[in-house]
>>> print(open('data.txt').read())   # compact mmCIF, C-alpha atoms and all ligand atoms
# COMPACT_ATOMS: atom_id res chain seq x y z
CA MET A 1 0.00 0.00 0.00
CA ALA A 2 1.30 3.41 -0.93
CA GLY A 3 2.86 5.32 1.88
CA PHE A 4 3.04 2.49 4.37
CA PHE A 5 6.78 2.65 4.74
CA SER A 6 6.81 6.43 4.86
CA ARG A 7 4.14 6.37 7.54
CA LEU A 8 6.19 3.92 9.55
CA ARG A 9 9.28 6.02 9.03
CA GLN A 10 7.47 9.12 10.10
CA GLY A 11 6.18 7.31 13.13
CA LEU A 12 9.70 6.33 14.01
CA SER A 13 11.07 9.81 13.42
CA ARG A 14 11.09 10.72 17.06
CA SER A 15 13.50 7.88 17.74
CA THR A 16 15.39 8.55 14.52
CA GLN A 17 16.04 12.16 15.49
CA LYS A 18 17.59 11.05 18.74
CA LEU A 19 19.87 8.71 16.88
CA ASN A 20 20.75 11.22 14.20
CA ALA A 21 22.15 13.62 16.74
CA ALA A 22 24.80 11.04 17.56
CA ILE A 23 25.32 9.63 14.08
CA ASN A 24 27.00 12.73 12.74
CA HIS A 25 30.40 12.00 14.24
CA ARG A 26 33.13 11.60 11.72
CA HIS A 27 35.63 10.07 14.04
CA LEU A 28 34.67 7.25 16.35
CA ASP A 29 36.59 8.00 19.52
CA GLU A 30 35.53 7.22 23.06
CA SER A 31 33.35 10.31 23.41
CA ALA A 32 31.60 9.65 20.09
CA LEU A 33 30.85 6.12 21.22
CA GLU A 34 29.48 7.43 24.49
CA ASP A 35 27.25 9.86 22.60
CA LEU A 36 26.01 7.06 20.44
CA GLU A 37 25.31 4.82 23.41
CA ASP A 38 23.36 7.60 25.14
CA ALA A 39 21.40 8.22 21.96
CA LEU A 40 20.49 4.56 21.59
CA ILE A 41 19.26 4.48 25.17
CA SER A 42 17.28 7.69 24.83
CA ALA A 43 15.77 6.31 21.61
CA ASP A 44 14.39 3.50 23.82
CA LEU A 45 16.49 0.63 22.46
CA GLY A 46 17.50 -0.20 26.00
CA PRO A 47 20.89 -0.43 27.69
CA ALA A 48 21.52 -4.06 26.72
CA VAL A 49 21.19 -3.49 22.97
CA ALA A 50 22.96 -0.13 23.20
CA GLY A 51 25.89 -1.75 25.02
CA ARG A 52 26.24 -4.51 22.45
CA VAL A 53 26.08 -2.13 19.51
CA ILE A 54 28.76 0.04 21.05
CA GLU A 55 30.98 -2.96 21.74
CA GLY A 56 30.62 -3.96 18.11
CA PHE A 57 31.64 -0.49 16.98
CA ARG A 58 34.52 -0.41 19.42
CA ASP A 59 35.83 -3.69 18.01
CA SER A 60 35.42 -2.86 14.36
CA LYS A 61 35.51 0.88 13.90
CA PHE A 62 37.19 2.42 16.92
CA GLY A 63 39.48 5.33 16.14
CA ARG A 64 38.51 5.31 12.48
CA ASP A 65 36.99 8.04 10.40
CA VAL A 66 33.56 6.94 9.39
CA THR A 67 30.80 8.38 7.27
CA THR A 68 27.36 8.88 8.74
CA ASP A 69 26.05 6.38 6.22
CA GLU A 70 28.52 3.82 7.45
CA ILE A 71 27.28 4.23 11.01
CA ARG A 72 23.70 4.19 9.85
CA GLU A 73 24.22 1.01 7.90
CA ALA A 74 26.00 -0.72 10.76
CA LEU A 75 23.26 0.32 13.15
CA ALA A 76 20.51 -0.87 10.84
CA THR A 77 22.25 -4.22 10.49
CA GLU A 78 22.58 -4.64 14.26
CA ILE A 79 18.99 -3.64 14.86
CA ALA A 80 17.66 -5.89 12.12
CA ALA A 81 19.59 -8.79 13.66
CA VAL A 82 17.83 -8.23 16.98
CA LEU A 83 14.43 -7.91 15.32
CA LYS A 84 14.64 -10.69 12.79
CA PRO A 85 14.02 -13.62 15.15
CA VAL A 86 10.84 -11.98 16.49
CA ALA A 87 9.40 -10.91 13.14
CA VAL A 88 7.05 -13.86 12.93
CA PRO A 89 3.90 -13.41 10.86
CA PHE A 90 0.65 -14.33 12.54
CA GLU A 91 -0.80 -17.37 10.86
CA PRO A 92 -4.05 -18.87 12.03
CA ASP A 93 -3.72 -22.63 12.27
CA PRO A 94 -6.00 -24.05 9.55
CA ALA A 95 -6.41 -27.22 11.61
CA LYS A 96 -8.25 -25.20 14.26
CA LYS A 97 -11.83 -24.36 13.48
CA PRO A 98 -11.75 -21.77 14.85
CA HIS A 99 -8.30 -20.61 15.80
CA VAL A 100 -9.07 -18.71 19.01
CA VAL A 101 -7.23 -15.46 19.70
CA LEU A 102 -7.49 -13.75 23.06
CA MET A 103 -6.57 -10.10 22.80
CA VAL A 104 -5.13 -8.55 25.95
CA GLY A 105 -3.49 -5.30 26.95
CA VAL A 106 -3.99 -2.21 29.08
CA ASN A 107 -6.75 0.20 28.14
CA GLY A 108 -6.33 2.31 25.08
CA THR A 109 -3.48 0.35 23.49
CA GLY A 110 -5.58 -0.63 20.48
CA LYS A 111 -7.02 -4.08 21.22
CA THR A 112 -10.46 -3.45 19.75
CA THR A 113 -9.09 -1.60 16.73
CA THR A 114 -6.57 -4.37 16.06
CA ILE A 115 -9.32 -6.99 16.23
CA GLY A 116 -11.27 -4.99 13.66
CA LYS A 117 -8.23 -4.70 11.43
CA MET A 118 -7.53 -8.41 11.74
CA ALA A 119 -11.14 -9.18 10.83
CA ARG A 120 -10.66 -7.25 7.65
CA LEU A 121 -7.23 -8.69 6.84
CA TYR A 122 -8.18 -12.32 7.32
CA GLY A 123 -11.65 -11.81 5.92
CA GLU A 124 -10.05 -10.58 2.73
CA GLN A 125 -8.00 -13.75 2.65
CA GLY A 126 -11.23 -15.66 2.51
CA LYS A 127 -11.31 -16.71 6.13
CA LYS A 128 -14.47 -16.70 8.14
CA VAL A 129 -13.89 -14.42 11.10
CA MET A 130 -16.03 -13.99 14.19
CA MET A 131 -15.50 -11.66 17.11
CA VAL A 132 -16.52 -11.70 20.76
CA ALA A 133 -17.22 -8.39 22.49
CA GLY A 134 -15.63 -9.57 25.71
CA ASP A 135 -15.10 -6.08 27.09
CA THR A 136 -18.51 -6.03 28.71
CA PHE A 137 -17.76 -3.28 31.20
CA ARG A 138 -18.46 -0.45 28.80
CA ALA A 139 -21.38 -0.30 26.39
CA ALA A 140 -19.23 1.80 24.08
CA ALA A 141 -16.72 -1.03 23.79
CA VAL A 142 -19.41 -3.37 22.50
CA GLU A 143 -20.66 -0.77 20.02
CA GLN A 144 -17.13 -0.10 18.83
CA LEU A 145 -16.68 -3.76 17.97
CA GLN A 146 -20.09 -3.93 16.32
CA VAL A 147 -19.06 -1.10 14.02
CA TRP A 148 -16.04 -3.17 13.02
CA GLY A 149 -18.34 -6.11 12.47
CA GLN A 150 -20.47 -4.12 10.05
CA ARG A 151 -17.42 -2.69 8.33
CA THR A 152 -15.85 -6.08 7.77
CA GLY A 153 -18.97 -8.18 7.36
CA SER A 154 -18.08 -10.36 10.33
CA VAL A 155 -20.33 -11.63 13.06
CA VAL A 156 -19.91 -10.05 16.49
CA ILE A 157 -21.05 -12.03 19.49
CA ALA A 158 -22.16 -9.59 22.15
CA GLY A 159 -24.16 -9.85 25.34
CA LYS A 160 -26.19 -7.53 27.44
CA PRO A 161 -24.33 -4.76 29.28
CA GLU A 162 -22.31 -6.20 32.16
CA ALA A 163 -22.73 -9.68 30.73
CA ASP A 164 -20.27 -12.25 31.98
CA SER A 165 -17.38 -12.13 29.55
CA ALA A 166 -16.34 -15.73 30.16
CA GLY A 167 -19.85 -16.93 29.36
CA LEU A 168 -19.81 -14.81 26.24
CA ALA A 169 -16.49 -16.25 25.13
CA PHE A 170 -17.88 -19.74 25.70
CA ASP A 171 -20.99 -18.99 23.63
CA GLY A 172 -18.84 -17.40 20.95
CA LEU A 173 -16.58 -20.42 20.73
CA LYS A 174 -19.51 -22.78 20.55
CA ARG A 175 -21.16 -20.79 17.81
CA ALA A 176 -17.95 -20.23 15.84
CA THR A 177 -17.30 -23.97 15.96
CA ALA A 178 -20.82 -24.78 14.83
CA GLU A 179 -20.56 -22.31 11.98
CA GLY A 180 -17.12 -23.47 10.88
CA ALA A 181 -15.34 -20.19 11.53
CA ASP A 182 -11.61 -20.01 10.88
CA LEU A 183 -10.78 -17.30 13.36
CA LEU A 184 -12.40 -16.21 16.61
CA LEU A 185 -11.12 -12.92 17.98
CA ILE A 186 -11.94 -12.21 21.61
CA ASP A 187 -11.82 -8.64 22.85
CA THR A 188 -11.16 -8.07 26.55
CA ALA A 189 -11.33 -5.18 28.97
CA GLY A 190 -8.10 -3.29 29.46
CA ARG A 191 -8.93 -1.79 32.77
CA LEU A 192 -10.31 -3.50 35.79
CA HIS A 193 -10.12 -2.27 39.35
CA ASN A 194 -6.75 -3.86 39.89
CA LYS A 195 -4.31 -6.46 38.66
CA GLY A 196 -5.94 -9.20 40.71
CA ALA A 197 -9.34 -8.55 39.17
CA LEU A 198 -7.88 -8.52 35.68
CA MET A 199 -6.06 -11.76 36.31
CA GLU A 200 -9.21 -13.37 37.61
CA GLU A 201 -11.19 -12.17 34.61
CA LEU A 202 -8.71 -13.45 32.03
CA ALA A 203 -8.20 -16.72 33.87
CA LYS A 204 -11.95 -17.26 33.96
CA ILE A 205 -12.36 -16.59 30.24
CA ILE A 206 -9.67 -19.16 29.52
CA ARG A 207 -10.95 -21.71 32.01
CA VAL A 208 -14.50 -21.54 30.74
CA MET A 209 -13.50 -21.75 27.06
CA ARG A 210 -11.43 -24.83 27.84
CA LYS A 211 -14.55 -26.62 28.91
CA PHE A 212 -15.44 -26.56 25.24
CA ASP A 213 -11.99 -26.80 23.65
CA GLU A 214 -9.14 -27.62 25.97
CA THR A 215 -6.59 -26.21 23.53
CA ALA A 216 -8.17 -22.72 23.50
CA PRO A 217 -7.07 -19.99 23.29
CA HIS A 218 -4.54 -20.83 20.60
CA SER A 219 -2.98 -17.39 20.69
CA VAL A 220 -2.85 -14.72 23.36
CA LEU A 221 -1.82 -11.47 21.75
CA LEU A 222 -0.64 -8.62 23.93
CA VAL A 223 -1.29 -5.24 22.33
CA LEU A 224 1.22 -2.52 23.14
CA ASP A 225 1.05 1.17 22.31
CA ALA A 226 4.39 2.31 20.87
CA THR A 227 3.91 5.85 22.14
CA THR A 228 4.23 4.68 25.74
CA GLY A 229 7.92 3.86 25.37
CA GLN A 230 9.55 2.11 28.31
CA ASN A 231 6.23 1.48 30.01
CA ALA A 232 5.58 -1.20 27.40
CA MET A 233 8.35 -3.28 28.98
CA GLU A 234 6.52 -3.26 32.29
CA GLN A 235 3.25 -4.16 30.59
CA VAL A 236 4.84 -7.25 29.07
CA ARG A 237 6.17 -8.31 32.47
CA VAL A 238 2.80 -7.84 34.15
CA PHE A 239 0.73 -9.56 31.47
CA ARG A 240 3.09 -12.50 31.31
CA GLU A 241 2.33 -13.06 34.98
CA LEU A 242 -1.37 -13.06 34.18
CA VAL A 243 -1.56 -15.09 30.98
CA ASN A 244 0.57 -17.09 28.60
CA VAL A 245 1.29 -14.33 26.10
CA THR A 246 2.17 -15.93 22.76
CA GLY A 247 2.91 -12.80 20.76
CA LEU A 248 2.84 -9.04 20.54
CA VAL A 249 1.11 -6.48 18.39
CA VAL A 250 2.63 -3.01 18.50
CA THR A 251 0.26 -0.19 17.59
CA LYS A 252 0.51 3.53 16.89
CA LEU A 253 3.78 3.28 15.06
CA ASP A 254 2.59 6.35 13.20
CA GLY A 255 2.29 9.66 14.98
CA SER A 256 4.70 10.22 17.83
CA ALA A 257 5.76 6.65 18.37
CA ARG A 258 8.77 5.66 20.38
CA GLY A 259 9.61 2.83 18.05
CA GLY A 260 12.98 2.08 19.56
CA ILE A 261 11.07 0.28 22.28
CA VAL A 262 10.33 -2.56 19.86
CA VAL A 263 14.06 -3.32 19.75
CA ALA A 264 14.26 -3.39 23.55
CA LEU A 265 11.18 -5.62 23.71
CA ALA A 266 12.56 -8.02 21.12
CA ASP A 267 15.85 -8.27 22.93
CA ALA A 268 14.41 -8.66 26.42
CA PHE A 269 11.48 -11.02 25.82
CA ARG A 270 12.02 -12.69 22.43
CA LEU A 271 8.26 -12.84 21.96
CA PRO A 272 7.08 -12.84 18.36
CA VAL A 273 6.03 -9.40 17.11
CA HIS A 274 3.30 -10.47 14.76
CA MET A 275 1.90 -7.20 13.49
CA VAL A 276 2.23 -3.47 13.73
CA GLY A 277 -0.42 -0.76 13.54
CA VAL A 278 0.33 2.46 11.72
CA GLY A 279 -3.03 4.19 11.83
CA GLU A 280 -6.64 3.94 12.81
CA LYS A 281 -8.02 2.62 9.56
CA ALA A 282 -8.84 -0.96 8.69
CA GLU A 283 -5.90 -1.33 6.33
CA ASP A 284 -3.36 0.09 8.78
CA LEU A 285 -2.19 -3.25 10.08
CA ARG A 286 0.88 -4.94 8.70
CA PRO A 287 3.12 -7.89 9.36
CA PHE A 288 6.21 -6.78 11.22
CA SER A 289 9.24 -6.53 8.95
CA ALA A 290 12.62 -6.43 10.73
CA GLN A 291 14.33 -4.80 7.77
CA ASP A 292 11.76 -2.10 7.12
CA PHE A 293 11.65 -1.32 10.78
CA ALA A 294 15.43 -1.13 11.22
CA ARG A 295 15.73 1.02 8.14
CA GLY A 296 12.90 3.26 9.28
CA LEU A 297 14.44 3.63 12.70
CA VAL A 298 17.94 4.67 11.66
CA GLY A 299 16.59 6.91 8.92
CA GLU A 300 17.63 7.22 5.32
CA SER A 301 20.75 8.78 4.05
CA GLY A 302 20.01 12.47 3.76
CA ASP A 303 21.80 12.64 0.47
CA LEU A 304 19.55 11.63 -2.39
CA ALA A 305 22.44 11.66 -4.88
CA SER A 306 24.35 9.07 -2.92
CA ARG A 307 21.27 6.90 -2.76
CA LEU A 308 20.88 7.09 -6.49
CA VAL A 309 24.53 6.27 -7.04
CA GLU A 310 24.31 3.33 -4.69
CA GLY A 311 21.17 2.29 -6.51
CA SER A 312 19.67 1.26 -3.21
CA ASP A 313 16.23 -0.21 -3.57
CA GLN A 314 13.39 2.16 -3.02
CA PRO A 315 11.18 1.26 -0.12
CA GLU A 316 7.55 0.93 -1.07
CA GLY A 317 5.77 4.21 -0.82
N1 LIG B 1 -2.68 6.41 15.26
C1 LIG B 1 -3.09 5.20 15.60
N2 LIG B 1 -4.14 5.08 16.42
C2 LIG B 1 -4.54 3.84 16.77
C3 LIG B 1 -3.87 2.68 16.31
N3 LIG B 1 -4.49 1.61 16.87
C4 LIG B 1 -5.49 2.09 17.62
N4 LIG B 1 -5.53 3.43 17.58
C5 LIG B 1 -6.45 4.35 18.28
O1 LIG B 1 -6.22 4.25 19.67
C6 LIG B 1 -7.44 4.45 20.38
C7 LIG B 1 -7.69 3.29 21.32
O2 LIG B 1 -7.91 2.14 20.54
P1 LIG B 1 -8.83 0.95 21.02
O3 LIG B 1 -8.79 -0.09 19.97
O4 LIG B 1 -10.15 1.44 21.45
O5 LIG B 1 -8.00 0.47 22.29
P2 LIG B 1 -8.39 -0.66 23.35
O6 LIG B 1 -7.12 -1.34 23.75
O7 LIG B 1 -9.47 -1.51 22.83
O8 LIG B 1 -8.90 0.24 24.57
P3 LIG B 1 -9.87 -0.18 25.78
O9 LIG B 1 -11.05 -0.86 25.19
O10 LIG B 1 -10.19 1.11 26.46
O11 LIG B 1 -9.08 -1.09 26.67
C8 LIG B 1 -8.52 4.62 19.33
O12 LIG B 1 -8.76 5.98 19.14
C9 LIG B 1 -7.90 3.99 18.08
O13 LIG B 1 -8.42 4.55 16.91
C10 LIG B 1 -2.73 2.84 15.43
O14 LIG B 1 -2.06 1.91 14.99
N5 LIG B 1 -2.40 4.13 15.13
MG MG B 2 -11.33 -1.93 23.56
>>> encode(input="data.txt", output="C-alpha cells")
Amino acid sequence: MAGFFSRLRQGLSRSTQKLNAAINHRHLDESALEDLEDALISADLGPAVAGRVIEGFRDSKFGRDVTTDEIREALATEIAAVLKPVAVPFEPDPAKKPHVVLMVGVNGTGKTTTIGKMARLYGEQGKKVMMVAGDTFRAAAVEQLQVWGQRTGSVVIAGKPEADSAGLAFDGLKRATAEGADLLLIDTAGRLHNKGALMEELAKIIRVMRKFDETAPHSVLLVLDATTGQNAMEQVRVFRELVNVTGLVVTKLDGSARGGIVVALADAFRLPVHMVGVGEKAEDLRPFSAQDFARGLVGESGDLASRLVEGSDQPEG
C-alpha cells in the first residue's frame, strides 16, 4: 500500500532524530561512542542493545573516520539482527476451526481496533472471522466492535451490558465452531479495578473456554502502544504473569511513536512481534518486517544523490 513505509518512518522519526544527533560524528573515539550509546538508550532501544552495539563499533571501527552512512548502515544491520528472530507473521492454524485469539493489553493500546483490522485482513484472505465483544464493562466497547463487524462483514457475538465475559467467550466459541469459523477474535477489557481482578477475569475466560476446547485460546496477543515507550516493557512483564502471552502487536507506530522500544522488547522477551499498527483505519495493520523497521528507525541517508549512485532499492511508498 502506498505510503506504508513512509508512515512507519514518520512514526519512528522521534526515535530517529535522537539517533541522528549522535550519528554525525566523523571520528569514532571514546566520546563519540558514548554519545552514540546515550542516543540509543534515549531512543528507547534499552541499555543491553545499546551496550552490544557500542561494543561492536569499538571492536570494528574504533578510532577510524567513518561516514554517517557507514554508522547508519552498521546500526541498521545490528537492529535488524535483533528484530529478525521476532518478526514472525501471525498465521491462524488451519487445523483449528476456529483458531481462538485472546486479545489482551492495558486500556487504550488498540485491542479493539486491532481486532477490527484483523477481521478485515483475514476476511479478505477468505477466512471466516467472528468476534466476541468480551469487554462487557463499557457499552461503548461493545458498540465499537459492532461497528467493526459491520465494516468487515463479520459476526460479532455480544451480550447484554455487564454480561459475563467468560460466558460470552464460551458462547462465541460454541457458535464459531458450529458455523465453521476459521478465526475467533476475543476482545477483553483493558482496565479492571486492579491487577488481581484482571487476572481473575482473564483466567476465567480461559478456564470456561477450555470446557469446550481444551486447547483454547490458541494465541494470546498482547497489544502494546508504541507511544508509551519504556512502560511497554513493564506491561509485558505484568501480562506474562497473568496469561501465557504468545505474541505481541505493536500499535501507533505512526504519529509520535517511540519505536525504539520494539528493539528493547525483542531483545528482552524474544516474543514474536506479529503485526504493527500504523493508523486507525482498517488497512493500517501490517506484518512486522525487521528490515523495514530497522531502516525506518535509523533513517535514510540524507543525500539523495548518494542513494541514487548506490542504486539502493526504493522502499515501497
Ligand atoms: N494512530 C493510531 N491510532 C490507533 C492505532 N491503533 C489504535 N488506535 C487508536 O487508539 C485508540 C484506542 O484504541 P482501542 O482499539 O479502542 O483500544 P483498546 O485497547 O481496545 O482500549 P480499551 O477498550 O479502552 O481497553 C482509538 O482511538 C484507536 O483509533 C494505530 O495503529 N495508530
Ligand atoms: Mg477496547
>>> residues_near_ligand(input="data.txt", ligand="ligand MG 2 (chain B)", cutoff="10 Å", atoms="all atoms listed in the file", output="short mmCIF file (atom, residue, chain, number, x, y, z; two decimals) with C-alpha atoms, in the coordinates of the input")
data_model
loop_
_atom_site.label_atom_id
_atom_site.label_comp_id
_atom_site.auth_asym_id
_atom_site.auth_seq_id
_atom_site.Cartn_x
_atom_site.Cartn_y
_atom_site.Cartn_z
CA MET A 103 -6.57 -10.10 22.80
CA VAL A 104 -5.13 -8.55 25.95
CA GLY A 105 -3.49 -5.30 26.95
CA VAL A 106 -3.99 -2.21 29.08
CA ASN A 107 -6.75 0.20 28.14
CA GLY A 108 -6.33 2.31 25.08
CA THR A 109 -3.48 0.35 23.49
CA GLY A 110 -5.58 -0.63 20.48
CA LYS A 111 -7.02 -4.08 21.22
CA THR A 112 -10.46 -3.45 19.75
CA THR A 113 -9.09 -1.60 16.73
CA THR A 114 -6.57 -4.37 16.06
CA ILE A 115 -9.32 -6.99 16.23
CA ALA A 133 -17.22 -8.39 22.49
CA GLY A 134 -15.63 -9.57 25.71
CA ASP A 135 -15.10 -6.08 27.09
CA THR A 136 -18.51 -6.03 28.71
CA ARG A 138 -18.46 -0.45 28.80
CA ALA A 140 -19.23 1.80 24.08
CA ALA A 141 -16.72 -1.03 23.79
CA VAL A 142 -19.41 -3.37 22.50
CA GLN A 144 -17.13 -0.10 18.83
CA LEU A 145 -16.68 -3.76 17.97
CA ASP A 187 -11.82 -8.64 22.85
CA THR A 188 -11.16 -8.07 26.55
CA ALA A 189 -11.33 -5.18 28.97
CA GLY A 190 -8.10 -3.29 29.46
CA ARG A 191 -8.93 -1.79 32.77
#
>>> residues_around(input="data.txt", residues="Gly259 of chain A", least_positions_apart="3", cutoff="10 Å", atoms="only C-alpha atoms", output="PDB file with C-alpha atoms, in the coordinates of the input")
ATOM      1  CA  LEU A   8       6.190   3.920   9.550  1.00  0.00           C
ATOM      2  CA  ARG A   9       9.280   6.020   9.030  1.00  0.00           C
ATOM      3  CA  GLY A  11       6.180   7.310  13.130  1.00  0.00           C
ATOM      4  CA  LEU A  12       9.700   6.330  14.010  1.00  0.00           C
ATOM      5  CA  SER A  13      11.070   9.810  13.420  1.00  0.00           C
ATOM      6  CA  ARG A  14      11.090  10.720  17.060  1.00  0.00           C
ATOM      7  CA  SER A  15      13.500   7.880  17.740  1.00  0.00           C
ATOM      8  CA  THR A  16      15.390   8.550  14.520  1.00  0.00           C
ATOM      9  CA  ALA A  43      15.770   6.310  21.610  1.00  0.00           C
ATOM     10  CA  ASP A  44      14.390   3.500  23.820  1.00  0.00           C
ATOM     11  CA  LEU A  45      16.490   0.630  22.460  1.00  0.00           C
ATOM     12  CA  ASP A 225       1.050   1.170  22.310  1.00  0.00           C
ATOM     13  CA  ALA A 226       4.390   2.310  20.870  1.00  0.00           C
ATOM     14  CA  THR A 227       3.910   5.850  22.140  1.00  0.00           C
ATOM     15  CA  THR A 228       4.230   4.680  25.740  1.00  0.00           C
ATOM     16  CA  GLY A 229       7.920   3.860  25.370  1.00  0.00           C
ATOM     17  CA  VAL A 250       2.630  -3.010  18.500  1.00  0.00           C
ATOM     18  CA  THR A 251       0.260  -0.190  17.590  1.00  0.00           C
ATOM     19  CA  LYS A 252       0.510   3.530  16.890  1.00  0.00           C
ATOM     20  CA  LEU A 253       3.780   3.280  15.060  1.00  0.00           C
ATOM     21  CA  ASP A 254       2.590   6.350  13.200  1.00  0.00           C
ATOM     22  CA  SER A 256       4.700  10.220  17.830  1.00  0.00           C
ATOM     23  CA  VAL A 262      10.330  -2.560  19.860  1.00  0.00           C
ATOM     24  CA  VAL A 263      14.060  -3.320  19.750  1.00  0.00           C
ATOM     25  CA  ALA A 264      14.260  -3.390  23.550  1.00  0.00           C
ATOM     26  CA  PHE A 293      11.650  -1.320  10.780  1.00  0.00           C
ATOM     27  CA  ALA A 294      15.430  -1.130  11.220  1.00  0.00           C
ATOM     28  CA  GLY A 296      12.900   3.260   9.280  1.00  0.00           C
ATOM     29  CA  LEU A 297      14.440   3.630  12.700  1.00  0.00           C
TER      30      LEU A 297
END
>>> residues_around(input="data.txt", residues="segment 282-289 of chain A", least_positions_apart="2", cutoff="7 Å", atoms="only C-alpha atoms", output="PyMOL selection string")
chain A and resi 87+89+116-117+120+273-280+291-293
>>> write_last_selection(input="data.txt", atoms="C-alpha atoms", output="mmCIF file, keeping the file's coordinate frame")
data_model
loop_
_atom_site.group_PDB
_atom_site.id
_atom_site.type_symbol
_atom_site.label_atom_id
_atom_site.label_comp_id
_atom_site.auth_asym_id
_atom_site.auth_seq_id
_atom_site.Cartn_x
_atom_site.Cartn_y
_atom_site.Cartn_z
ATOM 1 C CA ALA A 87 9.400 -10.910 13.140
ATOM 2 C CA PRO A 89 3.900 -13.410 10.860
ATOM 3 C CA GLY A 116 -11.270 -4.990 13.660
ATOM 4 C CA LYS A 117 -8.230 -4.700 11.430
ATOM 5 C CA ARG A 120 -10.660 -7.250 7.650
ATOM 6 C CA VAL A 273 6.030 -9.400 17.110
ATOM 7 C CA HIS A 274 3.300 -10.470 14.760
ATOM 8 C CA MET A 275 1.900 -7.200 13.490
ATOM 9 C CA VAL A 276 2.230 -3.470 13.730
ATOM 10 C CA GLY A 277 -0.420 -0.760 13.540
ATOM 11 C CA VAL A 278 0.330 2.460 11.720
ATOM 12 C CA GLY A 279 -3.030 4.190 11.830
ATOM 13 C CA GLU A 280 -6.640 3.940 12.810
ATOM 14 C CA GLN A 291 14.330 -4.800 7.770
ATOM 15 C CA ASP A 292 11.760 -2.100 7.120
ATOM 16 C CA PHE A 293 11.650 -1.320 10.780
#
>>> residues_around(input="data.txt", residues="Arg175 of chain A", least_positions_apart="3", cutoff="10 Å", atoms="only C-alpha atoms", output="JSON, numbers by chain")
{"A": [98, 130, 157, 169, 170, 171, 172, 178, 179, 180, 181, 184]}
>>> closest_residue(input="data.txt", among="A:Val101, A:Leu28, A:Val66, A:Leu36", to="Pro217 of chain A", atoms="only C-alpha atoms")
A:Val101
>>> closest_residue(input="data.txt", among="A:His218, A:Arg64, A:Arg58, A:Arg72", to="Pro94 of chain A", atoms="all atoms listed in the file")
A:His218
>>> closest_residue(input="data.txt", among="A:Leu83, A:Val100, A:Met118, A:Leu183", to="ligand LIG 1 (chain B)", atoms="all atoms listed in the file")
A:Met118
>>> atom_distance(input="data.txt", atom1="atom CA of Ala163 of chain A", atom2="atom CA of Phe137 of chain A")
8.1 Å
>>> atom_distance(input="data.txt", atom1="atom CA of His25 of chain A", atom2="atom CA of Val298 of chain A")
14.7 Å
>>> closest_residue(input="data.txt", among="A:Arg7, A:Arg151, A:Glu234, A:Phe90", to="ligand LIG 1 (chain B)", atoms="all atoms listed in the file")
A:Arg7
>>> build_atoms(input="data.txt", residues="segment 235-250 of chain A", atoms="N, CA and C atoms", output="mmCIF file, in the frame of the given file")
data_model
loop_
_atom_site.group_PDB
_atom_site.id
_atom_site.type_symbol
_atom_site.label_atom_id
_atom_site.label_comp_id
_atom_site.auth_asym_id
_atom_site.auth_seq_id
_atom_site.Cartn_x
_atom_site.Cartn_y
_atom_site.Cartn_z
ATOM 1 N N GLN A 235 4.513 -3.509 30.956
ATOM 2 C CA GLN A 235 3.250 -4.160 30.590
ATOM 3 C C GLN A 235 3.476 -5.608 30.177
ATOM 4 N N VAL A 236 4.551 -5.860 29.460
ATOM 5 C CA VAL A 236 4.840 -7.250 29.070
ATOM 6 C C VAL A 236 5.091 -8.091 30.318
ATOM 7 N N ARG A 237 5.875 -7.561 31.233
ATOM 8 C CA ARG A 237 6.170 -8.310 32.470
ATOM 9 C C ARG A 237 4.880 -8.638 33.216
ATOM 10 N N VAL A 238 4.033 -7.630 33.384
ATOM 11 C CA VAL A 238 2.800 -7.840 34.150
ATOM 12 C C VAL A 238 1.887 -8.845 33.454
ATOM 13 N N PHE A 239 1.671 -8.662 32.156
ATOM 14 C CA PHE A 239 0.730 -9.560 31.470
ATOM 15 C C PHE A 239 1.247 -10.987 31.373
ATOM 16 N N ARG A 240 2.561 -11.133 31.338
ATOM 17 C CA ARG A 240 3.090 -12.500 31.310
ATOM 18 C C ARG A 240 2.860 -13.209 32.642
ATOM 19 N N GLU A 241 2.689 -12.433 33.707
ATOM 20 C CA GLU A 241 2.330 -13.060 34.980
ATOM 21 C C GLU A 241 0.869 -13.497 34.978
ATOM 22 N N LEU A 242 0.066 -12.782 34.181
ATOM 23 C CA LEU A 242 -1.370 -13.060 34.180
ATOM 24 C C LEU A 242 -1.752 -14.174 33.219
ATOM 25 N N VAL A 243 -1.181 -14.144 32.040
ATOM 26 C CA VAL A 243 -1.560 -15.090 30.980
ATOM 27 C C VAL A 243 -0.327 -15.527 30.201
ATOM 28 N N ASN A 244 -0.509 -16.585 29.440
ATOM 29 C CA ASN A 244 0.570 -17.090 28.600
ATOM 30 C C ASN A 244 0.586 -16.321 27.269
ATOM 31 N N VAL A 245 1.234 -15.174 27.305
ATOM 32 C CA VAL A 245 1.290 -14.330 26.100
ATOM 33 C C VAL A 245 2.077 -15.055 25.023
ATOM 34 N N THR A 246 1.465 -15.218 23.842
ATOM 35 C CA THR A 246 2.170 -15.930 22.760
ATOM 36 C C THR A 246 2.794 -14.991 21.744
ATOM 37 N N GLY A 247 2.342 -13.734 21.730
ATOM 38 C CA GLY A 247 2.910 -12.800 20.760
ATOM 39 C C GLY A 247 2.468 -11.384 21.025
ATOM 40 N N LEU A 248 3.123 -10.464 20.339
ATOM 41 C CA LEU A 248 2.840 -9.040 20.540
ATOM 42 C C LEU A 248 2.314 -8.400 19.267
ATOM 43 N N VAL A 249 1.493 -7.373 19.477
ATOM 44 C CA VAL A 249 1.110 -6.480 18.390
ATOM 45 C C VAL A 249 1.489 -5.076 18.874
ATOM 46 N N VAL A 250 2.231 -4.347 18.084
ATOM 47 C CA VAL A 250 2.630 -3.010 18.500
ATOM 48 C C VAL A 250 1.884 -1.982 17.646
#
